[in-house]
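query.cif (mmCIF, C-alpha atoms (C1' of nucleotides)) appears below.
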data_data
#
loop_
_atom_site.label_atom_id
_atom_site.label_comp_id
_atom_site.auth_asym_id
_atom_site.auth_seq_id
_atom_site.Cartn_x
_atom_site.Cartn_y
_atom_site.Cartn_z
CA MET M 1 -28.69 6.39 -1.46
CA THR M 2 -27.62 9.17 0.83
CA PHE M 3 -24.45 10.06 2.67
CA PRO M 4 -24.54 8.68 6.25
CA SER M 5 -25.42 11.52 8.61
CA PRO M 6 -23.73 11.86 12.00
CA SER M 7 -27.04 11.06 13.71
CA HIS M 8 -28.29 8.04 11.81
CA ASP M 9 -29.14 4.74 13.49
CA HIS M 10 -25.91 2.92 12.89
CA ASP M 11 -26.92 -0.23 14.74
CA HIS M 12 -29.43 -0.65 11.97
CA CYS M 13 -26.69 -0.33 9.33
CA ILE M 14 -24.68 -3.06 11.00
CA ALA M 15 -27.58 -5.42 11.49
CA ALA M 16 -28.82 -4.93 7.95
CA ALA M 17 -25.36 -5.43 6.46
CA LEU M 18 -24.73 -8.63 8.40
CA ALA M 19 -28.14 -10.03 7.57
CA LEU M 20 -27.72 -9.23 3.89
CA ALA M 21 -24.24 -10.74 3.87
CA GLU M 22 -25.59 -13.90 5.44
CA ARG M 23 -28.35 -14.16 2.87
CA GLU M 24 -26.11 -13.43 -0.13
CA CYS M 25 -23.43 -15.88 0.91
CA HIS M 26 -26.00 -18.58 1.49
CA ARG M 27 -27.56 -17.91 -1.89
CA ARG M 28 -24.16 -18.19 -3.59
CA GLY M 29 -22.90 -21.15 -1.60
CA ALA M 30 -20.09 -19.05 -0.15
CA ARG M 31 -19.06 -19.69 3.44
CA LEU M 32 -19.38 -16.69 5.71
CA THR M 33 -17.38 -18.18 8.56
CA GLU M 34 -17.16 -16.81 12.07
CA LEU M 35 -13.86 -15.06 11.35
CA ARG M 36 -15.16 -13.49 8.15
CA ARG M 37 -18.32 -12.37 9.91
CA ARG M 38 -16.29 -10.78 12.70
CA VAL M 39 -14.11 -8.93 10.21
CA LEU M 40 -17.18 -7.75 8.32
CA ALA M 41 -18.75 -6.53 11.56
CA LEU M 42 -15.56 -4.66 12.44
CA VAL M 43 -15.50 -3.01 9.02
CA TRP M 44 -19.10 -1.95 9.55
CA ASP M 45 -18.28 -0.59 12.97
CA SER M 46 -18.24 2.86 11.38
CA HIS M 47 -18.63 4.43 7.97
CA CYS M 48 -14.96 5.39 8.00
CA PRO M 49 -12.55 3.25 6.00
CA ILE M 50 -10.56 1.04 8.35
CA GLY M 51 -7.12 -0.37 7.66
CA ALA M 52 -6.10 -4.01 7.77
CA TYR M 53 -3.84 -3.53 10.78
CA ALA M 54 -6.52 -1.69 12.74
CA LEU M 55 -8.78 -4.66 12.09
CA LEU M 56 -6.02 -6.95 13.29
CA ASP M 57 -5.72 -5.05 16.56
CA ARG M 58 -9.41 -5.35 17.23
CA LEU M 59 -9.55 -9.00 16.27
CA GLY M 60 -6.82 -9.55 18.84
CA HIS M 61 -8.97 -8.22 21.65
CA ASP M 62 -10.74 -11.52 21.99
CA GLY M 63 -7.89 -13.77 23.04
CA ARG M 64 -4.56 -13.97 21.25
CA ALA M 65 -3.28 -11.65 18.57
CA ALA M 66 -3.94 -12.51 14.97
CA ALA M 67 -1.34 -12.35 12.18
CA PRO M 68 -1.66 -10.26 9.01
CA PRO M 69 -2.57 -13.09 6.62
CA THR M 70 -5.59 -13.90 8.78
CA VAL M 71 -7.21 -10.55 8.22
CA TYR M 72 -6.02 -10.19 4.62
CA ARG M 73 -7.60 -13.52 3.70
CA ALA M 74 -10.87 -12.50 5.28
CA LEU M 75 -10.73 -9.15 3.46
CA GLU M 76 -10.04 -10.92 0.18
CA PHE M 77 -13.10 -13.09 0.64
CA LEU M 78 -15.29 -10.12 1.53
CA LEU M 79 -13.98 -8.17 -1.48
CA ASP M 80 -14.63 -11.13 -3.77
CA GLN M 81 -18.18 -11.37 -2.49
CA GLY M 82 -18.68 -7.63 -2.94
CA LEU M 83 -19.44 -7.23 0.76
CA ILE M 84 -16.79 -4.55 1.20
CA HIS M 85 -14.91 -2.10 -0.99
CA ARG M 86 -11.33 -1.00 -0.79
CA VAL M 87 -10.61 2.73 -0.52
CA PRO M 88 -7.29 3.05 -2.33
CA SER M 89 -6.31 6.51 -1.15
CA ARG M 90 -6.67 5.40 2.47
CA ASN M 91 -5.45 1.82 2.18
CA GLY M 92 -8.70 1.09 3.96
CA TYR M 93 -11.92 -0.84 3.61
CA ILE M 94 -15.59 0.05 4.00
CA GLY M 95 -18.77 -2.01 4.02
CA CYS M 96 -20.87 -2.15 0.89
CA PRO M 97 -24.57 -1.55 1.50
CA ARG M 98 -25.64 -3.25 -1.73
CA PRO M 99 -23.70 -6.49 -2.19
CA ASP M 100 -26.74 -7.87 -3.98
CA HIS M 101 -26.19 -5.44 -6.86
CA PRO M 102 -22.79 -6.04 -8.41
CA HIS M 103 -21.13 -2.68 -9.01
CA ALA M 104 -17.77 -0.99 -9.23
CA GLY M 105 -16.22 0.82 -6.33
CA ARG M 106 -17.35 4.41 -6.59
CA ILE M 107 -16.51 6.11 -3.37
CA LEU M 108 -17.38 9.47 -1.87
CA LEU M 109 -15.00 10.41 0.90
CA CYS M 110 -15.46 13.32 3.28
CA GLN M 111 -12.16 15.03 4.00
CA ARG M 112 -13.47 16.50 7.23
CA CYS M 113 -15.24 13.67 9.08
CA GLY M 114 -13.60 10.80 7.22
CA ARG M 115 -16.83 8.99 6.48
CA ALA M 116 -17.24 7.29 3.15
CA SER M 117 -20.23 6.38 1.06
CA GLU M 118 -20.98 5.19 -2.42
CA LEU M 119 -21.83 7.37 -5.36
CA ASP M 120 -25.12 6.44 -6.90
CA ALA M 121 -24.75 7.35 -10.55
CA PRO M 122 -26.17 5.04 -13.17
CA ASP M 123 -25.64 7.70 -15.86
CA LEU M 124 -21.97 7.80 -15.14
CA ASP M 125 -21.29 4.35 -16.52
CA ALA M 126 -22.56 5.40 -19.92
CA ALA M 127 -20.52 8.59 -19.92
CA ILE M 128 -17.37 6.75 -18.91
CA ALA M 129 -17.99 3.95 -21.37
CA ALA M 130 -18.43 6.47 -24.17
CA ALA M 131 -15.29 8.42 -23.33
CA THR M 132 -13.31 5.22 -22.94
CA ALA M 133 -14.54 3.67 -26.16
CA ALA M 134 -13.74 6.88 -28.02
CA GLN M 135 -10.08 6.14 -27.31
CA GLY M 136 -10.46 2.55 -28.48
CA PHE M 137 -10.04 1.25 -24.97
CA HIS M 138 -12.01 -1.75 -23.69
CA ALA M 139 -12.81 -1.27 -20.02
CA HIS M 140 -13.21 -4.12 -17.56
CA ARG M 141 -12.82 -2.60 -14.15
CA LEU M 142 -13.30 0.89 -12.84
CA SER M 143 -12.45 2.62 -9.64
CA LEU M 144 -13.63 6.12 -8.82
CA GLU M 145 -12.88 8.03 -5.67
CA ILE M 146 -14.18 11.51 -4.97
CA GLU M 147 -12.94 13.49 -2.02
CA GLY M 148 -14.77 16.52 -0.67
CA LEU M 149 -17.22 17.61 1.99
CA CYS M 150 -20.27 15.58 2.97
CA PRO M 151 -23.59 17.41 3.43
CA ALA M 152 -23.27 17.61 7.21
CA CYS M 153 -19.67 18.88 7.20
CA HIS M 154 -20.40 21.37 4.46
CA ALA M 155 -23.38 22.68 6.37
CA ALA M 156 -21.19 23.07 9.45
CA GLY M 157 -19.30 25.79 7.60
CA PRO M 158 -15.64 26.31 6.75
CA MET H 1 -5.21 11.99 -26.94
CA THR H 2 -4.64 8.40 -27.87
CA PHE H 3 -3.35 5.34 -26.09
CA PRO H 4 0.41 4.90 -26.69
CA SER H 5 0.89 2.23 -29.33
CA PRO H 6 3.70 -0.33 -29.08
CA SER H 7 5.38 1.23 -32.10
CA HIS H 8 5.28 4.94 -31.36
CA ASP H 9 8.38 7.12 -31.27
CA HIS H 10 9.00 7.09 -27.57
CA ASP H 11 12.16 9.18 -27.69
CA HIS H 12 9.89 11.93 -28.84
CA CYS H 13 7.62 11.43 -25.79
CA ILE H 14 10.58 11.73 -23.46
CA ALA H 15 12.07 14.77 -25.14
CA ALA H 16 8.73 16.55 -25.31
CA ALA H 17 7.92 15.79 -21.68
CA LEU H 18 11.28 17.04 -20.44
CA ALA H 19 11.12 20.18 -22.52
CA LEU H 20 7.58 20.92 -21.35
CA ALA H 21 8.57 20.30 -17.75
CA GLU H 22 11.47 22.67 -18.10
CA ARG H 23 9.26 25.36 -19.56
CA GLU H 24 6.45 24.96 -17.01
CA CYS H 25 8.78 24.99 -14.03
CA HIS H 26 10.53 28.07 -15.30
CA ARG H 27 7.21 29.79 -15.88
CA ARG H 28 6.12 29.01 -12.31
CA GLY H 29 9.42 29.73 -10.66
CA ALA H 30 9.73 26.10 -9.53
CA ARG H 31 13.18 24.56 -9.51
CA LEU H 32 13.54 21.50 -11.70
CA THR H 33 16.84 20.38 -10.23
CA GLU H 34 19.14 17.75 -11.68
CA LEU H 35 17.79 15.07 -9.35
CA ARG H 36 14.19 15.91 -10.14
CA ARG H 37 14.90 15.93 -13.85
CA ARG H 38 16.56 12.53 -13.63
CA VAL H 39 13.58 11.08 -11.75
CA LEU H 40 11.19 12.58 -14.28
CA ALA H 41 13.21 11.09 -17.13
CA LEU H 42 13.16 7.67 -15.43
CA VAL H 43 9.39 7.87 -14.99
CA TRP H 44 9.09 8.69 -18.68
CA ASP H 45 11.34 5.79 -19.59
CA SER H 46 8.18 3.86 -20.47
CA HIS H 47 4.43 4.33 -20.40
CA CYS H 48 4.14 1.73 -17.64
CA PRO H 49 3.69 2.96 -14.09
CA ILE H 50 6.96 2.59 -12.21
CA GLY H 51 7.31 2.18 -8.45
CA ALA H 52 9.37 4.35 -6.14
CA TYR H 53 11.81 1.56 -5.35
CA ALA H 54 12.35 0.71 -9.01
CA LEU H 55 13.24 4.36 -9.52
CA LEU H 56 15.62 4.15 -6.58
CA ASP H 57 17.41 1.18 -8.12
CA ARG H 58 17.92 3.01 -11.37
CA LEU H 59 19.04 6.21 -9.69
CA GLY H 60 21.64 4.13 -7.93
CA HIS H 61 23.25 3.07 -11.19
CA ASP H 62 25.18 6.31 -11.39
CA GLY H 63 27.40 6.01 -8.35
CA ARG H 64 26.15 5.13 -4.89
CA ALA H 65 22.72 3.92 -3.97
CA ALA H 66 20.08 6.47 -3.09
CA ALA H 67 17.80 6.22 -0.04
CA PRO H 68 13.98 6.20 -0.18
CA PRO H 69 13.41 9.80 0.96
CA THR H 70 15.47 11.02 -1.97
CA VAL H 71 13.13 9.62 -4.56
CA TYR H 72 9.96 10.28 -2.57
CA ARG H 73 10.86 13.95 -2.27
CA ALA H 74 11.45 14.20 -5.99
CA LEU H 75 8.15 12.41 -6.67
CA GLU H 76 6.33 14.77 -4.33
CA PHE H 77 7.69 17.75 -6.23
CA LEU H 78 6.75 16.25 -9.59
CA LEU H 79 3.26 15.41 -8.34
CA ASP H 80 2.80 18.93 -6.98
CA GLN H 81 3.83 20.36 -10.32
CA GLY H 82 1.45 18.02 -12.15
CA LEU H 83 4.35 16.53 -14.09
CA ILE H 84 3.48 12.99 -13.06
CA HIS H 85 0.42 11.14 -11.78
CA ARG H 86 0.21 8.43 -9.20
CA VAL H 87 -1.48 5.16 -10.20
CA PRO H 88 -3.01 4.01 -6.93
CA SER H 89 -3.76 0.42 -7.87
CA ARG H 90 -0.11 -0.10 -8.81
CA ASN H 91 1.58 2.09 -6.23
CA GLY H 92 3.28 3.49 -9.28
CA TYR H 93 3.84 6.72 -11.15
CA ILE H 94 3.50 7.76 -14.79
CA GLY H 95 4.40 10.89 -16.67
CA CYS H 96 1.71 13.41 -17.45
CA PRO H 97 1.73 14.59 -21.06
CA ARG H 98 -0.20 17.79 -20.27
CA PRO H 99 1.23 19.41 -17.14
CA ASP H 100 0.25 22.77 -18.61
CA HIS H 101 -3.44 21.87 -18.26
CA PRO H 102 -4.28 21.24 -14.60
CA HIS H 103 -6.47 18.15 -14.40
CA ALA H 104 -7.39 15.29 -12.13
CA GLY H 105 -5.79 11.90 -12.43
CA ARG H 106 -7.91 9.88 -14.80
CA ILE H 107 -6.00 6.81 -15.78
CA LEU H 108 -6.52 4.12 -18.37
CA LEU H 109 -4.52 1.01 -17.57
CA CYS H 110 -4.03 -1.94 -19.89
CA GLN H 111 -4.13 -5.20 -17.99
CA ARG H 112 -2.20 -7.00 -20.71
CA CYS H 113 0.74 -4.77 -21.63
CA GLY H 114 0.73 -2.68 -18.46
CA ARG H 115 0.88 0.64 -20.27
CA ALA H 116 -1.10 3.52 -18.89
CA SER H 117 -2.56 6.63 -20.45
CA GLU H 118 -4.95 9.36 -19.54
CA LEU H 119 -8.63 9.43 -20.27
CA ASP H 120 -9.65 12.45 -22.25
CA ALA H 121 -13.21 13.18 -21.17
CA PRO H 122 -14.25 16.76 -20.70
CA ASP H 123 -17.92 15.75 -20.45
CA LEU H 124 -17.19 13.50 -17.55
CA ASP H 125 -16.60 16.28 -15.07
CA ALA H 126 -20.11 17.58 -15.58
CA ALA H 127 -21.65 14.13 -15.23
CA ILE H 128 -19.71 13.45 -12.05
CA ALA H 129 -20.46 16.86 -10.62
CA ALA H 130 -24.15 16.36 -11.26
CA ALA H 131 -24.26 12.90 -9.69
CA THR H 132 -22.23 14.08 -6.74
CA ALA H 133 -24.27 17.22 -6.13
CA ALA H 134 -27.47 15.15 -6.26
CA GLN H 135 -26.28 13.50 -3.05
CA GLY H 136 -25.46 16.85 -1.48
CA PHE H 137 -21.76 16.15 -1.65
CA HIS H 138 -19.24 18.89 -2.45
CA ALA H 139 -16.37 17.43 -4.45
CA HIS H 140 -12.82 18.76 -4.35
CA ARG H 141 -10.63 15.99 -5.69
CA LEU H 142 -11.30 13.08 -7.96
CA SER H 143 -9.40 10.00 -8.93
CA LEU H 144 -10.53 7.64 -11.65
CA GLU H 145 -8.80 4.50 -12.77
CA ILE H 146 -10.04 2.26 -15.54
CA GLU H 147 -8.49 -1.11 -16.19
CA GLY H 148 -9.03 -2.99 -19.42
CA LEU H 149 -7.45 -3.70 -22.78
CA CYS H 150 -5.74 -1.05 -24.85
CA PRO H 151 -6.48 -0.92 -28.59
CA ALA H 152 -3.34 -2.84 -29.55
CA CYS H 153 -3.81 -5.61 -26.98
CA HIS H 154 -7.49 -5.94 -27.81
CA ALA H 155 -6.71 -6.22 -31.50
CA ALA H 156 -4.16 -8.93 -30.69
CA GLY H 157 -7.07 -11.10 -29.61
CA PRO H 158 -7.73 -13.07 -26.44
"C1'" DG S 1 -18.17 -43.50 12.03
"C1'" DA S 2 -13.45 -43.90 9.49
"C1'" DG S 3 -10.92 -41.93 6.13
"C1'" DA S 4 -9.92 -38.93 2.04
"C1'" DG S 5 -9.76 -34.47 0.17
"C1'" DG S 6 -10.23 -29.77 0.17
"C1'" DA S 7 -11.23 -25.34 2.34
"C1'" DA S 8 -10.06 -22.37 6.14
"C1'" DT S 9 -6.97 -20.73 9.37
"C1'" DG S 10 -2.54 -20.46 12.08
"C1'" DT S 11 2.43 -19.28 11.97
"C1'" DT S 12 6.73 -17.40 10.63
"C1'" DA S 13 9.14 -14.59 7.89
"C1'" DT S 14 9.77 -11.14 4.61
"C1'" DA S 15 8.62 -8.10 0.70
"C1'" DA S 16 7.00 -3.69 -0.81
"C1'" DC S 17 5.71 1.00 0.01
"C1'" DA S 18 6.28 5.33 2.62
"C1'" DT S 19 7.72 8.79 6.15
"C1'" DA S 20 10.07 10.92 10.49
"C1'" DA S 21 13.87 13.24 12.22
"C1'" DC S 22 18.08 15.20 11.95
"C1'" DC S 23 22.04 17.32 9.64
"C1'" DC S 24 24.73 19.48 6.21
"C1'" DT S 25 25.30 21.99 1.94
"C1'" DT S 26 24.03 25.19 -1.45
"C1'" DC S 27 21.90 28.97 -3.25
"C1'" DC S 28 19.85 33.35 -3.11
"C1'" DC S 29 18.93 37.74 -1.16
"C1'" DT S 30 20.12 41.78 1.08
"C1'" DA W 1 29.70 38.53 4.59
"C1'" DG W 2 25.78 36.76 6.91
"C1'" DG W 3 21.05 35.01 7.37
"C1'" DG W 4 17.61 32.08 5.94
"C1'" DA W 5 15.20 28.94 3.12
"C1'" DA W 6 15.30 25.08 -0.01
"C1'" DG W 7 17.39 20.87 -1.46
"C1'" DG W 8 19.21 16.68 -0.51
"C1'" DG W 9 21.95 12.86 2.37
"C1'" DT W 10 21.53 9.48 6.06
"C1'" DT W 11 19.61 6.55 9.47
"C1'" DA W 12 15.92 4.55 11.32
"C1'" DT W 13 11.34 3.15 11.49
"C1'" DG W 14 6.37 2.94 10.37
"C1'" DT W 15 2.80 0.94 7.46
"C1'" DT W 16 0.72 -2.18 4.18
"C1'" DA W 17 0.72 -6.65 1.99
"C1'" DT W 18 2.17 -11.40 0.64
"C1'" DA W 19 4.96 -15.95 0.38
"C1'" DA W 20 5.43 -20.39 2.07
"C1'" DC W 21 4.37 -23.98 4.84
"C1'" DA W 22 1.88 -26.33 8.85
"C1'" DT W 23 -2.32 -27.46 11.01
"C1'" DT W 24 -7.21 -27.78 11.86
"C1'" DC W 25 -11.74 -28.42 10.55
"C1'" DC W 26 -15.51 -29.47 7.55
"C1'" DT W 27 -17.87 -32.34 4.30
"C1'" DC W 28 -18.61 -36.10 1.52
"C1'" DT W 29 -18.42 -40.91 0.58
"C1'" DC W 30 -18.39 -45.38 1.71
#

Whole structure given in C-alpha cells:
Amino acid sequence: MTFPSPSHDHDHCIAAALALAERECHRRGARLTELRRRVLALVWDSHCPIGAYALLDRLGHDGRAAAPPTVYRALEFLLDQGLIHRVPSRNGYIGCPRPDHPHAGRILLCQRCGRASELDAPDLDAAIAAATAAQGFHAHRLSLEIEGLCPACHAAGP
Amino acid sequence: MTFPSPSHDHDHCIAAALALAERECHRRGARLTELRRRVLALVWDSHCPIGAYALLDRLGHDGRAAAPPTVYRALEFLLDQGLIHRVPSRNGYIGCPRPDHPHAGRILLCQRCGRASELDAPDLDAAIAAATAAQGFHAHRLSLEIEGLCPACHAAGP
DNA sequence: GAGAGGAATGTTATAACATAACCCTTCCCT
DNA sequence: AGGGAAGGGTTATGTTATAACATTCCTCTC
C-alpha cells in the first residue's frame, strides 16, 4: 500500500472501491442501498477525510436537503461493514481500500495536503499486543492515527 | 506503569499529580493559576476520562456557573503543558502521570469500568517509525487508543 | 397479489462538544 | 505611574451527533 499521490488515477480508486463494496455486501447479505452507495461515493470523492455535515450538503444537491440522521445512519452502516474508517482527530470519514480484510483503523494523515491513507504494518499488531499484555490489559479494539508529511508534500520542501 | 486498580490509594494519585504539576509549571515559567489547578484537580478526580461540560458543572458548584470557554481555555493550557491527555473516542480528558517526560498520547481504555491509563511501550515508537518510513511518510504526531478489559475487569470474568 | 413483519429512511427536535469575538481586570515590567 | 500582555468573564454561535417517532418500501408467506 502506498500513500495516494497527487497525480494518481482517482477515478480508478472510486470505481474499484464501489465495485468491491458491492461484492462484499452481496457476499455478506448486507444491503448496499442507493443512499448508502451515494454516501460511499461521496466519501471516496477524495482521499481527504470528509465530515458528516459536508456529506449532508452534497447529498442535498440532488433534490431536497437531507437531515443529519440520514447521513449518520448510512455512515454507521458503512463503518460496520468496514467500507469506511472514521478519522477521530478530524471528525471525518475516509474510504477503506481493503474492506475484504478486516483490520483496525490505522490512519496516516498528511498535515499539509490533508490526504489520508492507511498504515500497512502487520508487525505493529504484535508489538502492540506485547506491550499491552505486559500491563495485563486485554485489547479488543485499537485506533492509531499518525500525523505528518506524505511523500509528495515532504518532497515539496518546507 | 500499571493500570489503576479499583483499590489503589487515589488520594495519593491526586496529591502527586498536583505537586508534580506545580513543580513542572514553575520550572517552565508557566502559570498554574487557581482556575487551572482546580480544573486539573477535577480531571484527576478519577481515572475515567471526563468531558469538558462535566468539568463545567463541577466548577459551577463553587458559586456561579462557568461558561464553556473558561474550561476549554484551562484544558488547552493543561494539554499544552502535557498535564492531561485528550481521549478522542470519549471526547474526554484524563490526567497524565508523567508530565515531566514528554510523550505522545497512548491510551488504554477499559470498556467495562471506563478507567483509562497510559500504555508504556518504548519499543513501539521504533516499530511505528519503521512501518511509517517504509511508506515514505514522515511522522510528527501520533495518537494511539486501545480499548479492552483492564486486569481487574478481566479477572472479574465475563 | 394481499397482508404481515421488519428494514430503511424521513422528520423534528435536541443533546453534546467546541470556538469566535469582545471586554475587563490583573499582573508584571520598566 | 503607565504600557502591555496574559488571564478570565460573557454572549453568542458553530459543529458534531443522537433520540424519538412517523412513514415508506422490501420481502416473504400464504

Least-squares fit on all C-alpha atoms, paired in order: put chain H onto chain M and return it as a CSV table (one decimal) with C-alpha atoms, in the coordinates of the input.
chain,number,residue,atom,x,y,z
H,1,MET,CA,-28.7,6.4,-1.5
H,2,THR,CA,-27.6,9.2,0.8
H,3,PHE,CA,-24.4,10.1,2.7
H,4,PRO,CA,-24.5,8.7,6.2
H,5,SER,CA,-25.4,11.5,8.6
H,6,PRO,CA,-23.7,11.9,12.0
H,7,SER,CA,-27.0,11.1,13.7
H,8,HIS,CA,-28.3,8.0,11.8
H,9,ASP,CA,-29.1,4.8,13.5
H,10,HIS,CA,-25.9,2.9,12.9
H,11,ASP,CA,-26.9,-0.2,14.7
H,12,HIS,CA,-29.4,-0.6,12.0
H,13,CYS,CA,-26.7,-0.3,9.3
H,14,ILE,CA,-24.7,-3.1,11.0
H,15,ALA,CA,-27.6,-5.4,11.5
H,16,ALA,CA,-28.8,-4.9,8.0
H,17,ALA,CA,-25.4,-5.4,6.5
H,18,LEU,CA,-24.8,-8.6,8.4
H,19,ALA,CA,-28.1,-10.0,7.6
H,20,LEU,CA,-27.7,-9.2,3.9
H,21,ALA,CA,-24.3,-10.8,3.9
H,22,GLU,CA,-25.6,-13.9,5.5
H,23,ARG,CA,-28.4,-14.2,2.9
H,24,GLU,CA,-26.1,-13.5,-0.1
H,25,CYS,CA,-23.4,-15.9,1.0
H,26,HIS,CA,-26.0,-18.6,1.5
H,27,ARG,CA,-27.6,-17.9,-1.8
H,28,ARG,CA,-24.2,-18.2,-3.5
H,29,GLY,CA,-22.9,-21.2,-1.5
H,30,ALA,CA,-20.1,-19.1,-0.1
H,31,ARG,CA,-19.1,-19.7,3.5
H,32,LEU,CA,-19.4,-16.7,5.8
H,33,THR,CA,-17.4,-18.2,8.6
H,34,GLU,CA,-17.2,-16.9,12.1
H,35,LEU,CA,-13.9,-15.1,11.4
H,36,ARG,CA,-15.2,-13.5,8.2
H,37,ARG,CA,-18.3,-12.4,10.0
H,38,ARG,CA,-16.3,-10.8,12.7
H,39,VAL,CA,-14.1,-8.9,10.2
H,40,LEU,CA,-17.2,-7.8,8.4
H,41,ALA,CA,-18.8,-6.5,11.6
H,42,LEU,CA,-15.6,-4.7,12.5
H,43,VAL,CA,-15.5,-3.0,9.0
H,44,TRP,CA,-19.1,-2.0,9.6
H,45,ASP,CA,-18.3,-0.6,13.0
H,46,SER,CA,-18.2,2.9,11.4
H,47,HIS,CA,-18.6,4.4,8.0
H,48,CYS,CA,-14.9,5.4,8.0
H,49,PRO,CA,-12.5,3.2,6.0
H,50,ILE,CA,-10.6,1.0,8.3
H,51,GLY,CA,-7.1,-0.4,7.7
H,52,ALA,CA,-6.1,-4.0,7.8
H,53,TYR,CA,-3.9,-3.5,10.8
H,54,ALA,CA,-6.5,-1.7,12.8
H,55,LEU,CA,-8.8,-4.7,12.1
H,56,LEU,CA,-6.0,-7.0,13.3
H,57,ASP,CA,-5.7,-5.0,16.6
H,58,ARG,CA,-9.4,-5.3,17.2
H,59,LEU,CA,-9.6,-9.0,16.3
H,60,GLY,CA,-6.9,-9.5,18.9
H,61,HIS,CA,-9.0,-8.2,21.7
H,62,ASP,CA,-10.7,-11.6,22.0
H,63,GLY,CA,-7.9,-13.8,23.1
H,64,ARG,CA,-4.5,-13.9,21.4
H,65,ALA,CA,-3.3,-11.6,18.7
H,66,ALA,CA,-4.0,-12.4,15.1
H,67,ALA,CA,-1.4,-12.3,12.3
H,68,PRO,CA,-1.7,-10.3,9.1
H,69,PRO,CA,-2.6,-13.1,6.7
H,70,THR,CA,-5.6,-13.9,8.9
H,71,VAL,CA,-7.2,-10.6,8.3
H,72,TYR,CA,-6.0,-10.2,4.7
H,73,ARG,CA,-7.6,-13.6,3.8
H,74,ALA,CA,-10.9,-12.5,5.3
H,75,LEU,CA,-10.7,-9.2,3.5
H,76,GLU,CA,-10.0,-11.0,0.2
H,77,PHE,CA,-13.1,-13.1,0.7
H,78,LEU,CA,-15.3,-10.1,1.6
H,79,LEU,CA,-14.0,-8.2,-1.4
H,80,ASP,CA,-14.6,-11.2,-3.7
H,81,GLN,CA,-18.2,-11.4,-2.4
H,82,GLY,CA,-18.7,-7.7,-2.9
H,83,LEU,CA,-19.4,-7.3,0.8
H,84,ILE,CA,-16.8,-4.6,1.2
H,85,HIS,CA,-14.9,-2.1,-1.0
H,86,ARG,CA,-11.3,-1.1,-0.8
H,87,VAL,CA,-10.6,2.7,-0.5
H,88,PRO,CA,-7.3,3.0,-2.4
H,89,SER,CA,-6.3,6.5,-1.2
H,90,ARG,CA,-6.7,5.3,2.4
H,91,ASN,CA,-5.5,1.8,2.1
H,92,GLY,CA,-8.7,1.1,3.9
H,93,TYR,CA,-11.9,-0.9,3.6
H,94,ILE,CA,-15.6,0.0,4.0
H,95,GLY,CA,-18.8,-2.0,4.0
H,96,CYS,CA,-20.9,-2.2,0.9
H,97,PRO,CA,-24.6,-1.6,1.5
H,98,ARG,CA,-25.6,-3.3,-1.7
H,99,PRO,CA,-23.7,-6.5,-2.2
H,100,ASP,CA,-26.7,-7.9,-4.0
H,101,HIS,CA,-26.2,-5.5,-6.8
H,102,PRO,CA,-22.7,-6.1,-8.4
H,103,HIS,CA,-21.1,-2.7,-9.0
H,104,ALA,CA,-17.8,-1.0,-9.3
H,105,GLY,CA,-16.2,0.8,-6.4
H,106,ARG,CA,-17.3,4.4,-6.6
H,107,ILE,CA,-16.5,6.1,-3.4
H,108,LEU,CA,-17.4,9.5,-1.9
H,109,LEU,CA,-15.0,10.4,0.9
H,110,CYS,CA,-15.4,13.3,3.3
H,111,GLN,CA,-12.1,15.0,4.0
H,112,ARG,CA,-13.5,16.5,7.2
H,113,CYS,CA,-15.2,13.7,9.1
H,114,GLY,CA,-13.6,10.8,7.2
H,115,ARG,CA,-16.8,9.0,6.5
H,116,ALA,CA,-17.2,7.3,3.1
H,117,SER,CA,-20.2,6.4,1.1
H,118,GLU,CA,-21.0,5.2,-2.4
H,119,LEU,CA,-21.8,7.4,-5.4
H,120,ASP,CA,-25.1,6.4,-6.9
H,121,ALA,CA,-24.8,7.3,-10.6
H,122,PRO,CA,-26.2,5.0,-13.1
H,123,ASP,CA,-25.7,7.5,-15.9
H,124,LEU,CA,-22.0,7.7,-15.2
H,125,ASP,CA,-21.3,4.2,-16.6
H,126,ALA,CA,-22.6,5.3,-20.0
H,127,ALA,CA,-20.6,8.6,-20.0
H,128,ILE,CA,-17.4,6.7,-19.0
H,129,ALA,CA,-18.0,4.0,-21.5
H,130,ALA,CA,-18.5,6.6,-24.3
H,131,ALA,CA,-15.4,8.6,-23.4
H,132,THR,CA,-13.3,5.4,-23.1
H,133,ALA,CA,-14.5,3.9,-26.3
H,134,ALA,CA,-13.8,7.1,-28.1
H,135,GLN,CA,-10.1,6.4,-27.4
H,136,GLY,CA,-10.4,2.8,-28.6
H,137,PHE,CA,-10.0,1.5,-25.1
H,138,HIS,CA,-11.9,-1.5,-23.9
H,139,ALA,CA,-12.8,-1.1,-20.2
H,140,HIS,CA,-13.2,-4.0,-17.8
H,141,ARG,CA,-12.8,-2.5,-14.3
H,142,LEU,CA,-13.3,1.0,-13.0
H,143,SER,CA,-12.4,2.7,-9.7
H,144,LEU,CA,-13.6,6.1,-8.9
H,145,GLU,CA,-12.9,8.1,-5.7
H,146,ILE,CA,-14.2,11.5,-5.0
H,147,GLU,CA,-12.9,13.5,-2.0
H,148,GLY,CA,-14.8,16.5,-0.7
H,149,LEU,CA,-17.2,17.6,2.0
H,150,CYS,CA,-20.2,15.6,3.0
H,151,PRO,CA,-23.6,17.4,3.4
H,152,ALA,CA,-23.2,17.6,7.2
H,153,CYS,CA,-19.6,18.9,7.2
H,154,HIS,CA,-20.4,21.4,4.5
H,155,ALA,CA,-23.4,22.7,6.4
H,156,ALA,CA,-21.1,23.1,9.4
H,157,GLY,CA,-19.3,25.7,7.6
H,158,PRO,CA,-15.6,26.3,6.9

Provide as a PyMOL selection string the residues of chain M at most 12 Å from chain S, counting only C-alpha atoms (C1' of nucleotides).
chain M and resi 30-36+64-74+77+91

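This file gives the following result for the PyMOL selection byres ((chain M) within 7 of (chain H)): Thr2, Phe3, Pro88, Leu119, Ala121, Leu124, Ala127, Ile128, Ala131, Thr132, Gln135, Gly136, Phe137, His138, Ala139, His140, Arg141, Leu142, Ser143, Leu144, Glu145, Ile146, Glu147, Gly148, Leu149, Cys150 and Pro151 of chain M.
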
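For the pair CA of His101 in chain H and CA of Leu78 in chain H, the interatomic distance is 14.5 Å.
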
Please determine, counting all atoms listed in the file, which residue among M:Cys48, M:Leu20, M:Leu59, M:Leu75 has the shortest atom-to-atom distance to chain W.
M:Leu75
